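Novice: Here you go, query19.txt (compact mmCIF, C-alpha atoms):
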```txt
# COMPACT_ATOMS: atom_id res chain seq x y z
CA MET X 4 -7.31 -24.17 -16.79
CA PRO X 5 -7.64 -25.82 -13.34
CA ASP X 6 -10.72 -25.31 -11.19
CA LEU X 7 -8.67 -23.19 -8.81
CA THR X 8 -8.60 -19.59 -7.56
CA LEU X 9 -5.61 -17.91 -5.95
CA VAL X 10 -6.29 -15.56 -3.03
CA MET X 11 -3.42 -13.40 -1.77
CA LEU X 12 -3.96 -11.74 1.59
CA GLY X 13 -2.36 -8.31 1.74
CA ALA X 14 -4.64 -6.13 3.85
CA GLY X 15 -2.72 -6.32 7.12
CA SER X 16 -1.54 -3.31 9.11
CA SER X 17 2.12 -4.45 9.12
CA THR X 18 2.58 -3.28 12.72
CA ARG X 19 5.16 -5.94 13.65
CA PHE X 20 7.34 -4.92 10.72
CA ASN X 21 7.81 -1.60 12.52
CA GLN X 22 9.01 0.44 9.54
CA ARG X 23 7.76 3.63 7.87
CA VAL X 24 6.76 1.54 4.86
CA LYS X 25 4.19 -1.24 5.08
CA LYS X 26 5.82 -4.55 4.23
CA GLN X 27 3.36 -5.31 1.43
CA TRP X 28 4.74 -2.24 -0.36
CA LEU X 29 8.44 -3.02 -0.04
CA ARG X 30 9.89 -2.79 -3.53
CA ILE X 31 11.61 -5.91 -4.80
CA ASP X 32 13.55 -4.15 -7.54
CA GLU X 33 10.56 -2.33 -9.12
CA THR X 34 7.76 -4.57 -7.84
CA PRO X 35 5.83 -4.17 -4.58
CA LEU X 36 6.01 -7.26 -2.37
CA TRP X 37 2.31 -8.12 -2.73
CA LEU X 38 2.64 -8.23 -6.52
CA PHE X 39 6.01 -10.00 -6.39
CA ALA X 40 4.53 -12.79 -4.24
CA THR X 41 1.45 -13.03 -6.47
CA GLN X 42 3.48 -13.23 -9.67
CA ASN X 43 5.73 -15.87 -8.12
CA LEU X 44 2.78 -18.22 -7.58
CA GLN X 45 1.25 -17.24 -10.90
CA GLN X 46 4.33 -18.47 -12.77
CA LEU X 47 4.35 -21.77 -10.86
CA SER X 48 0.78 -22.81 -11.66
CA SER X 49 -2.34 -21.85 -13.60
CA PHE X 50 -5.27 -20.19 -11.87
CA GLN X 51 -8.73 -19.48 -13.17
CA HIS X 52 -8.94 -16.35 -11.08
CA ILE X 53 -6.56 -14.26 -8.93
CA ILE X 54 -7.79 -12.15 -6.01
CA VAL X 55 -5.72 -9.81 -3.83
CA THR X 56 -7.06 -8.26 -0.65
CA THR X 57 -5.88 -4.75 0.17
CA SER X 58 -6.10 -2.23 2.95
CA PRO X 59 -9.07 0.07 2.14
CA ASP X 60 -6.92 3.22 2.02
CA GLU X 61 -4.49 1.60 -0.45
CA HIS X 62 -7.13 -0.13 -2.56
CA PHE X 63 -7.27 2.55 -5.27
CA TYR X 64 -3.49 2.50 -5.68
CA ALA X 65 -3.14 -1.29 -5.87
CA GLN X 66 -5.69 -1.33 -8.70
CA LYS X 67 -3.33 0.76 -10.83
CA PHE X 68 -0.85 -2.14 -11.00
CA SER X 69 -3.02 -4.70 -12.82
CA ASP X 70 -6.25 -5.01 -14.78
CA THR X 71 -6.31 -8.83 -14.58
CA ILE X 72 -6.32 -9.18 -10.79
CA THR X 73 -9.50 -8.72 -8.75
CA PHE X 74 -8.83 -6.42 -5.81
CA VAL X 75 -10.99 -6.78 -2.71
CA LYS X 76 -10.97 -4.49 0.32
CA GLY X 77 -9.87 -6.35 3.42
CA GLY X 78 -11.37 -6.30 6.89
CA GLU X 79 -10.09 -5.76 10.40
CA THR X 80 -8.69 -9.31 10.65
CA ARG X 81 -7.16 -11.89 8.33
CA GLN X 82 -10.36 -13.92 8.64
CA GLU X 83 -12.56 -10.98 7.62
CA SER X 84 -10.33 -10.25 4.64
CA LEU X 85 -10.47 -13.87 3.53
CA ALA X 86 -14.26 -13.95 3.91
CA ASN X 87 -14.50 -10.84 1.72
CA ALA X 88 -12.31 -12.49 -0.92
CA LEU X 89 -14.29 -15.75 -0.86
CA LEU X 90 -17.41 -13.86 -1.94
CA HIS X 91 -15.73 -13.62 -5.36
CA VAL X 92 -14.51 -17.25 -5.58
CA LYS X 93 -16.54 -19.48 -7.92
CA THR X 94 -14.09 -22.38 -8.37
CA THR X 95 -14.17 -25.69 -6.49
CA TYR X 96 -10.78 -25.12 -4.93
CA VAL X 97 -9.08 -22.04 -3.52
CA LEU X 98 -5.39 -21.57 -2.74
CA VAL X 99 -4.88 -18.99 0.00
CA SER X 100 -1.50 -17.44 0.72
CA ASP X 101 -0.07 -14.47 2.58
CA ILE X 102 1.86 -11.89 0.58
CA ALA X 103 4.50 -12.02 3.32
CA ARG X 104 5.50 -15.51 2.07
CA ALA X 105 7.08 -14.46 -1.20
CA CYS X 106 9.48 -17.34 -1.85
CA ILE X 107 7.23 -20.35 -2.53
CA ASP X 108 8.98 -22.86 -4.81
CA GLN X 109 7.63 -25.20 -7.48
CA ALA X 110 8.17 -28.43 -5.52
CA MET X 111 6.35 -27.15 -2.44
CA LEU X 112 3.38 -25.94 -4.48
CA GLU X 113 3.17 -29.25 -6.37
CA ARG X 114 3.11 -31.19 -3.10
CA ILE X 115 0.11 -29.10 -2.05
CA LEU X 116 -1.75 -29.38 -5.37
CA ASP X 117 -1.16 -33.14 -5.64
CA GLU X 118 -3.21 -33.76 -2.47
CA ARG X 119 -6.25 -31.71 -3.42
CA ALA X 120 -8.49 -34.72 -4.08
CA HIS X 121 -7.69 -36.30 -0.71
CA ALA X 122 -8.64 -33.57 1.75
CA ASP X 123 -10.82 -30.58 2.55
CA CYS X 124 -7.65 -28.62 3.28
CA VAL X 125 -4.00 -29.25 2.36
CA VAL X 126 -1.45 -27.59 4.60
CA PRO X 127 2.34 -27.25 4.24
CA TYR X 128 4.35 -27.57 7.44
CA LEU X 129 7.88 -27.64 8.81
CA ASN X 130 9.23 -30.07 11.37
CA VAL X 131 10.62 -28.70 14.63
CA VAL X 132 14.30 -29.44 15.22
CA ASP X 133 14.76 -27.71 18.58
CA THR X 134 13.55 -28.78 21.99
CA VAL X 135 10.04 -27.46 22.66
CA ILE X 136 8.79 -26.34 26.06
CA TYR X 137 5.14 -25.50 26.58
CA GLU X 138 4.01 -24.07 29.92
CA GLU X 139 7.31 -25.10 31.52
CA GLN X 140 6.94 -28.68 30.30
CA THR X 141 9.08 -30.30 27.60
CA ILE X 142 6.88 -31.80 24.91
CA ASN X 143 7.61 -34.22 22.08
CA ARG X 144 8.84 -32.07 19.20
CA ASP X 145 7.90 -34.82 16.74
CA GLN X 146 4.29 -34.01 17.51
CA VAL X 147 4.73 -30.30 16.72
CA LYS X 148 4.24 -28.80 13.26
CA LEU X 149 5.03 -25.27 12.12
CA ILE X 150 2.25 -24.34 9.73
CA GLN X 151 2.88 -22.39 6.53
CA THR X 152 0.88 -21.05 3.59
CA PRO X 153 -0.32 -21.37 0.87
CA GLN X 154 -3.12 -23.69 1.96
CA LEU X 155 -5.45 -25.36 -0.52
CA SER X 156 -9.10 -25.76 0.51
CA ARG X 157 -12.39 -26.85 -0.92
CA THR X 158 -14.10 -23.53 -1.38
CA ASP X 159 -17.49 -24.58 -0.01
CA MET X 160 -15.89 -26.02 3.12
CA LEU X 161 -13.79 -22.93 3.75
CA LYS X 162 -16.76 -20.61 3.30
CA LYS X 163 -18.76 -22.62 5.84
CA ALA X 164 -15.84 -22.85 8.24
CA LEU X 165 -15.50 -19.08 8.38
CA GLN X 166 -19.16 -18.53 9.29
CA THR X 167 -18.32 -18.31 12.97
CA GLY X 168 -17.43 -15.80 15.62
CA THR X 169 -14.29 -17.74 16.47
CA ILE X 170 -11.08 -16.21 15.12
CA TYR X 171 -8.67 -18.63 13.47
CA THR X 172 -5.11 -17.82 12.45
CA ASP X 173 -5.18 -20.07 9.40
CA ASP X 174 -7.63 -21.87 7.10
CA SER X 175 -6.89 -25.40 8.30
CA SER X 176 -7.79 -24.60 11.91
CA ALA X 177 -11.22 -23.37 10.84
CA ILE X 178 -11.87 -26.39 8.62
CA LYS X 179 -10.64 -28.84 11.25
CA ALA X 180 -12.94 -27.23 13.85
CA MET X 181 -15.98 -28.10 11.73
CA GLY X 182 -14.83 -31.69 11.23
CA GLY X 183 -13.17 -31.34 7.85
CA LYS X 184 -10.27 -33.52 6.76
CA VAL X 185 -6.85 -31.83 6.84
CA VAL X 186 -3.80 -33.32 5.11
CA TYR X 187 -0.28 -32.11 5.86
CA VAL X 188 2.53 -31.95 3.32
CA LEU X 189 6.13 -30.90 3.79
CA GLY X 190 6.70 -27.18 3.33
CA ASN X 191 9.97 -25.36 2.75
CA PRO X 192 12.15 -23.29 5.13
CA GLU X 193 12.69 -20.85 2.22
CA ALA X 194 8.97 -20.04 2.38
CA LYS X 195 9.57 -18.11 5.56
CA LYS X 196 7.08 -15.39 6.40
CA LEU X 197 8.34 -11.81 6.47
CA THR X 198 7.10 -10.56 9.83
CA CYS X 199 9.82 -8.40 11.36
CA LYS X 200 12.45 -6.27 9.65
CA GLU X 201 15.15 -8.73 10.71
CA ASP X 202 13.47 -11.50 8.68
CA SER X 203 14.34 -9.77 5.41
CA ALA X 204 18.03 -10.65 5.78
CA THR X 205 17.22 -14.39 5.80
CA ILE X 206 14.79 -14.49 2.84
CA SER X 207 16.97 -14.99 -0.20
CA CYS X 208 14.54 -14.12 -3.00
CA LEU X 209 13.96 -10.54 -1.77
CA LYS X 210 16.21 -8.19 -3.71
CA ALA X 211 16.94 -4.56 -2.93
CA PRO X 212 14.71 -1.86 -4.44
CA SER X 213 15.58 -0.17 -7.70
CA SER X 214 17.50 3.10 -7.45
CA ASN X 215 15.30 4.78 -10.06
CA ILE X 216 14.11 8.34 -9.51
CA PHE X 217 10.52 9.38 -10.32
CA VAL X 218 9.44 12.90 -11.30
CA GLY X 219 5.87 14.17 -11.16
CA TYR X 220 4.31 17.40 -12.43
CA GLY X 221 1.33 19.28 -11.02
CA PHE X 222 -0.64 22.32 -12.13
CA ASP X 223 -3.60 24.06 -10.54
CA VAL X 224 -5.58 27.28 -10.88
CA HIS X 225 -8.00 29.08 -8.57
CA ALA X 226 -9.96 32.27 -9.07
CA TYR X 227 -10.01 34.98 -6.43
CA GLU X 228 -12.88 35.31 -3.97
CA GLU X 229 -13.39 38.28 -1.68
CA GLY X 230 -14.02 37.83 2.01
CA LYS X 231 -11.68 34.86 2.46
CA VAL X 232 -8.14 34.51 3.78
CA MET X 233 -5.64 33.69 1.03
CA MET X 234 -3.49 30.66 1.82
CA LEU X 235 -0.51 29.82 -0.40
CA GLY X 236 2.04 27.15 0.39
CA GLY X 237 0.51 26.77 3.83
CA VAL X 238 1.06 30.45 4.65
CA GLU X 239 -1.48 33.29 4.99
CA VAL X 240 -0.55 35.87 2.34
CA HIS X 241 -3.65 38.10 2.28
CA PRO X 242 -6.38 38.61 4.91
CA THR X 243 -9.43 39.44 2.75
CA THR X 244 -8.92 38.10 -0.79
CA GLY X 245 -8.77 34.32 -0.97
CA PHE X 246 -9.66 31.67 -3.51
CA LYS X 247 -12.88 30.19 -4.81
CA ALA X 248 -12.61 26.54 -3.83
CA HIS X 249 -14.22 23.64 -1.98
CA SER X 250 -11.26 23.51 0.41
CA ASP X 251 -9.25 26.48 1.67
CA GLY X 252 -8.10 26.90 -1.94
CA ASP X 253 -4.34 26.67 -1.34
CA VAL X 254 -3.50 26.36 -5.02
CA ALA X 255 0.23 25.90 -4.33
CA ILE X 256 -0.30 22.86 -2.10
CA HIS X 257 -2.84 21.44 -4.55
CA ALA X 258 -0.34 21.62 -7.40
CA LEU X 259 2.33 20.08 -5.17
CA ILE X 260 0.03 17.22 -4.17
CA ASP X 261 -0.61 16.47 -7.85
CA ALA X 262 3.14 16.46 -8.50
CA LEU X 263 3.74 14.02 -5.64
CA LEU X 264 0.92 11.71 -6.74
CA GLY X 265 2.13 11.92 -10.32
CA ALA X 266 5.62 10.77 -9.38
CA ALA X 267 4.11 7.78 -7.57
CA GLY X 268 1.69 6.96 -10.40
CA ALA X 269 -1.15 7.47 -7.93
CA GLY X 270 -3.57 9.58 -9.94
CA ASP X 271 -4.51 13.11 -8.91
CA ILE X 272 -5.80 15.13 -6.00
CA GLY X 273 -9.41 14.81 -7.13
CA GLU X 274 -9.28 11.02 -6.74
CA LEU X 275 -8.14 11.24 -3.12
CA PHE X 276 -10.02 14.36 -2.03
CA PRO X 277 -13.04 14.86 -4.33
CA ASP X 278 -14.64 18.31 -4.22
CA CYS X 279 -18.06 16.71 -3.80
CA ASP X 280 -17.08 15.22 -0.43
CA ALA X 281 -18.34 17.24 2.53
CA ARG X 282 -15.34 16.10 4.63
CA TYR X 283 -13.12 18.43 2.61
CA LYS X 284 -15.31 21.52 2.77
CA ASN X 285 -12.98 24.40 3.78
CA VAL X 286 -10.35 21.87 4.85
CA ASP X 287 -6.84 23.10 5.62
CA SER X 288 -4.78 21.97 2.63
CA LYS X 289 -1.76 21.41 4.88
CA LEU X 290 -3.67 18.46 6.33
CA LEU X 291 -4.21 17.07 2.82
CA LEU X 292 -0.51 17.37 2.05
CA LYS X 293 0.38 15.60 5.28
CA GLU X 294 -2.04 12.79 4.44
CA VAL X 295 -0.47 12.38 0.99
CA CYS X 296 3.04 12.27 2.49
CA THR X 297 1.91 9.59 4.95
CA PHE X 298 0.39 7.59 2.10
CA LEU X 299 3.55 7.83 0.00
CA ALA X 300 5.64 6.58 2.90
CA LYS X 301 3.31 3.62 3.49
CA VAL X 302 3.46 2.53 -0.14
CA GLY X 303 7.23 2.63 -0.28
CA PHE X 304 8.42 6.07 -1.40
CA GLU X 305 10.68 8.78 -0.05
CA ILE X 306 10.32 12.40 -1.17
CA VAL X 307 13.62 13.72 -2.52
CA HIS X 308 12.87 17.25 -3.70
CA CYS X 309 10.09 19.56 -4.85
CA ASP X 310 9.92 22.83 -6.79
CA VAL X 311 6.87 25.12 -6.76
CA CYS X 312 6.32 28.08 -9.10
CA VAL X 313 3.50 30.51 -8.23
CA MET X 314 2.20 32.74 -11.04
CA ALA X 315 0.37 35.78 -9.67
CA GLU X 316 0.06 39.52 -10.32
CA PHE X 317 -1.58 39.93 -6.93
CA PRO X 318 -0.50 39.82 -4.17
CA ARG X 319 3.25 40.32 -4.28
CA LEU X 320 4.85 37.21 -2.83
CA SER X 321 8.56 37.95 -2.43
CA ALA X 322 8.17 38.36 1.34
CA PHE X 323 6.40 34.98 1.66
CA LYS X 324 8.50 32.61 -0.45
CA ASP X 325 10.82 31.48 2.34
CA LYS X 326 7.92 31.12 4.78
CA MET X 327 6.21 28.83 2.26
CA ARG X 328 9.41 26.87 1.74
CA PHE X 329 9.94 26.24 5.44
CA CYS X 330 6.27 25.39 5.98
CA LEU X 331 6.20 22.85 3.15
CA ALA X 332 9.53 21.34 4.21
CA ASP X 333 8.21 20.85 7.74
CA ILE X 334 5.08 19.07 6.50
CA MET X 335 7.04 16.81 4.15
CA GLU X 336 9.84 16.20 6.69
CA LEU X 337 12.45 17.45 4.23
CA SER X 338 15.44 19.70 4.64
CA PRO X 339 14.34 23.20 3.55
CA ILE X 340 17.06 23.23 0.92
CA HIS X 341 15.20 20.43 -0.85
CA VAL X 342 12.06 22.55 -1.20
CA ASN X 343 12.11 25.45 -3.67
CA VAL X 344 9.41 28.11 -4.05
CA LYS X 345 9.42 30.61 -6.89
CA ALA X 346 7.04 33.50 -7.63
CA THR X 347 6.54 35.26 -10.93
CA THR X 348 4.02 37.35 -12.85
CA THR X 349 2.74 36.77 -16.37
CA GLU X 350 3.55 40.30 -17.51
CA LYS X 351 -0.15 41.28 -17.47
CA LEU X 352 -1.00 38.48 -19.90
CA GLY X 353 -3.87 36.01 -19.57
CA PHE X 354 -6.24 35.50 -16.64
CA VAL X 355 -3.33 35.80 -14.19
CA GLY X 356 -2.29 39.07 -15.80
CA ARG X 357 -5.86 40.35 -15.56
CA GLU X 358 -5.77 39.58 -11.82
CA GLU X 359 -8.57 37.02 -12.04
CA GLY X 360 -6.72 34.30 -10.15
CA VAL X 361 -3.48 32.46 -9.47
CA ALA X 362 -1.83 29.53 -11.28
CA VAL X 363 0.81 27.24 -9.80
CA SER X 364 3.03 24.59 -11.34
CA ALA X 365 5.04 22.12 -9.28
CA THR X 366 7.44 19.24 -9.74
CA ALA X 367 8.31 16.56 -7.19
CA THR X 368 10.95 13.86 -7.13
CA LEU X 369 10.56 10.52 -5.36
CA LYS X 370 12.67 7.42 -4.84
CA TYR X 371 11.93 4.00 -3.42
CA TYR X 372 12.48 3.56 0.30
CA ASP X 373 15.55 1.33 0.65
CA TRP X 374 14.49 -1.10 3.36
CA THR X 375 17.77 -3.04 3.01
CA LYS X 376 19.79 -0.21 4.58
CA VAL X 377 17.70 0.42 7.68
```
Show me this structure written as C-alpha cells.

Specialist:
Amino acid sequence: MPDLTLVMLGAGSSTRFNQRVKKQWLRIDETPLWLFATQNLQQLSSFQHIIVTTSPDEHFYAQKFSDTITFVKGGETRQESLANALLHVKTTYVLVSDIARACIDQAMLERILDERAHADCVVPYLNVVDTVIYEEQTINRDQVKLIQTPQLSRTDMLKKALQTGTIYTDDSSAIKAMGGKVVYVLGNPEAKKLTCKEDSATISCLKAPSSNIFVGYGFDVHAYEEGKVMMLGGVEVHPTTGFKAHSDGDVAIHALIDALLGAAGAGDIGELFPDCDARYKNVDSKLLLKEVCTFLAKVGFEIVHCDVCVMAEFPRLSAFKDKMRFCLADIMELSPIHVNVKATTTEKLGFVGREEGVAVSATATLKYYDWTKV
C-alpha cells in the first residue's frame, strides 16, 4: 500500500453549472459524479486513505454511499475545504483532485505518480495551441500552461502552504509561493473539468443517468391536542383541535416527507428535522416539505408522483382532500394530477377509531434528473 492519500474535492456550490441539480450529484448511470470520479481514480491506483469533501447540507447523504471513505465537511472556498481534508491526512503524499474531473486515465496518473520523489508538487498541464492575448498583447503561447488536477503534493508542504490568508486556485500555486519545487507533467485533454452544462457534451466518459424509478413509503401518527389549529396536507382543517407535536404536527406532510426521503435512500424526517432542535418548534411543515424538495433536486432527483392516505374518524375530510392535493402539488412543483390524497376511517377500530389521533401513510415516486436532455 503506497504512502498516499486521495482527497476528492466536492463541496462546491456548482453555481456556474446553472442547473437545478448540483453537478457533483449528476448520475452517471446509477452513480453520483463525485463517487464516479473517486472510483475512477481508485481503480487506477492504490491509496492508503480516501477522503471526500462535501457541502455541509449534503454531508449526511453522501455518507450513506460508502463506509470506507472518510467524508469531511467543506468550507466556503476550495482552499478551506482542502485544509479541512488535510487535517485527516497522515501519509507522506497526498493526491488532490476535483470531482468535476471525472475522466482521468491510467497514463496521466502514472506520469504524476512517477515524479513524486522529484518535487514538492507534481502538476499535470496542457499546452496551448491557440494564439494567446493578455491585456491586449500577444504573448508566447509556448510559455503558457493550462493546469489540471489531480496534483500530487508532499503533505507537510501543502499543509504549510495553505496556512495563509492568500487564496490560491490550485495546490501548486500555494506551494510555489512558499518556495517549493513544482514539476509539470503532460496532462490529458480528456481530463477536462465539468464546469458549465455545455461541457458535458464533450466529456466522453459521462454516461446518461439510469431510467430506474424509486418508490418510498412513509407513515406517521399524531395524537390530538386541544387549543391548536389542525393542519393536514398544508391545509387548516379544524380551528381548535390540532396535534401534539414539536412542529405544527401536520402528520400528512410528515408521512409524505418520509416517503420522499425513503425513495432517495436519504433516511427519515427525524434525521433532517430532529424534534429536539429548537429551530423546528411549531414550524410550518410546508416549509419542511419545501426544504426536502429543494434537497432532492440538488442531489439529482425529480419527483414523479405521490399518494397520501389519511386515516381519521375526526374531522371529516372529504371537503379538504382537493385543497390538500393542490397545496402539496404547488409545494412540490408537480401537476395536481400527480398528487393523490385519500381519506378513510378505521371503522371505529384502534386508536384512530377511538378518536385519539390521526395516522397517515404515503408513497412517493422519484426518478433521476436527466441532465443529458436539458

Novice: What is the distance between atom CA of X:Pro192 and atom CA of X:Thr8, in Å to one decimal?

Specialist: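 So the two atoms, atom CA of X:Pro192 and atom CA of X:Thr8, lie 24.6 Å apart.
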
Novice: For the interface of stretch 190-243 of chain X with stretch 141-163 of chain X (cut-off 12 Å, counting only C-alpha atoms), please tabulate each contacting residue of stretch 190-243 of chain X alongside its nearest pair of atoms and their separation in Å to one decimal, rows sorted by chain and increasing number, as a Markdown table.

Specialist:
```
| residue | atom | partner | partner_atom | distance |
| --- | --- | --- | --- | --- |
| X:Gly190 | CA | X:Gln151 | CA | 6.9 |
| X:Asn191 | CA | X:Gln151 | CA | 8.6 |
| X:Pro192 | CA | X:Gln151 | CA | 9.4 |
| X:Glu193 | CA | X:Gln151 | CA | 10.8 |
| X:Ala194 | CA | X:Gln151 | CA | 7.7 |
| X:Lys195 | CA | X:Gln151 | CA | 8.0 |
| X:Lys196 | CA | X:Gln151 | CA | 8.2 |
| X:Leu197 | CA | X:Gln151 | CA | 11.9 |
```

Novice: Please identify all polymer residues lying at most 7 Å from the point (6.7, 31.1, -7.1) (file coordinates), using all atoms listed in the file, and present the result as a PyMOL selection string.

Specialist: chain X and resi 311-314+344-347

Novice: Using all atoms listed in the file, which residues of stretch 66-162 of chain X come within 12 Å of stretch 265-287 of chain X, and what is the closest atom pair for each, with the distance in Å to one decimal? Give it as a tab-separated table, sorted by chain and residue number.

Specialist:
```
residue	atom	partner	partner_atom	distance
X:Gln66	CA	X:Ala269	CA	9.9
X:Lys67	CA	X:Ala269	CA	7.6
X:Phe68	CA	X:Gly268	CA	9.5
```

Novice: Compare X:Tyr137, X:Phe74, X:Phe323, X:Trp374 by their minimum atom-to-atom distance to X:Gly237, counting all atoms listed in the file, and give me the closest one.

Specialist: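 Of X:Tyr137, X:Phe74, X:Phe323, X:Trp374, the one nearest X:Gly237 is X:Phe323, counting all atoms listed in the file.
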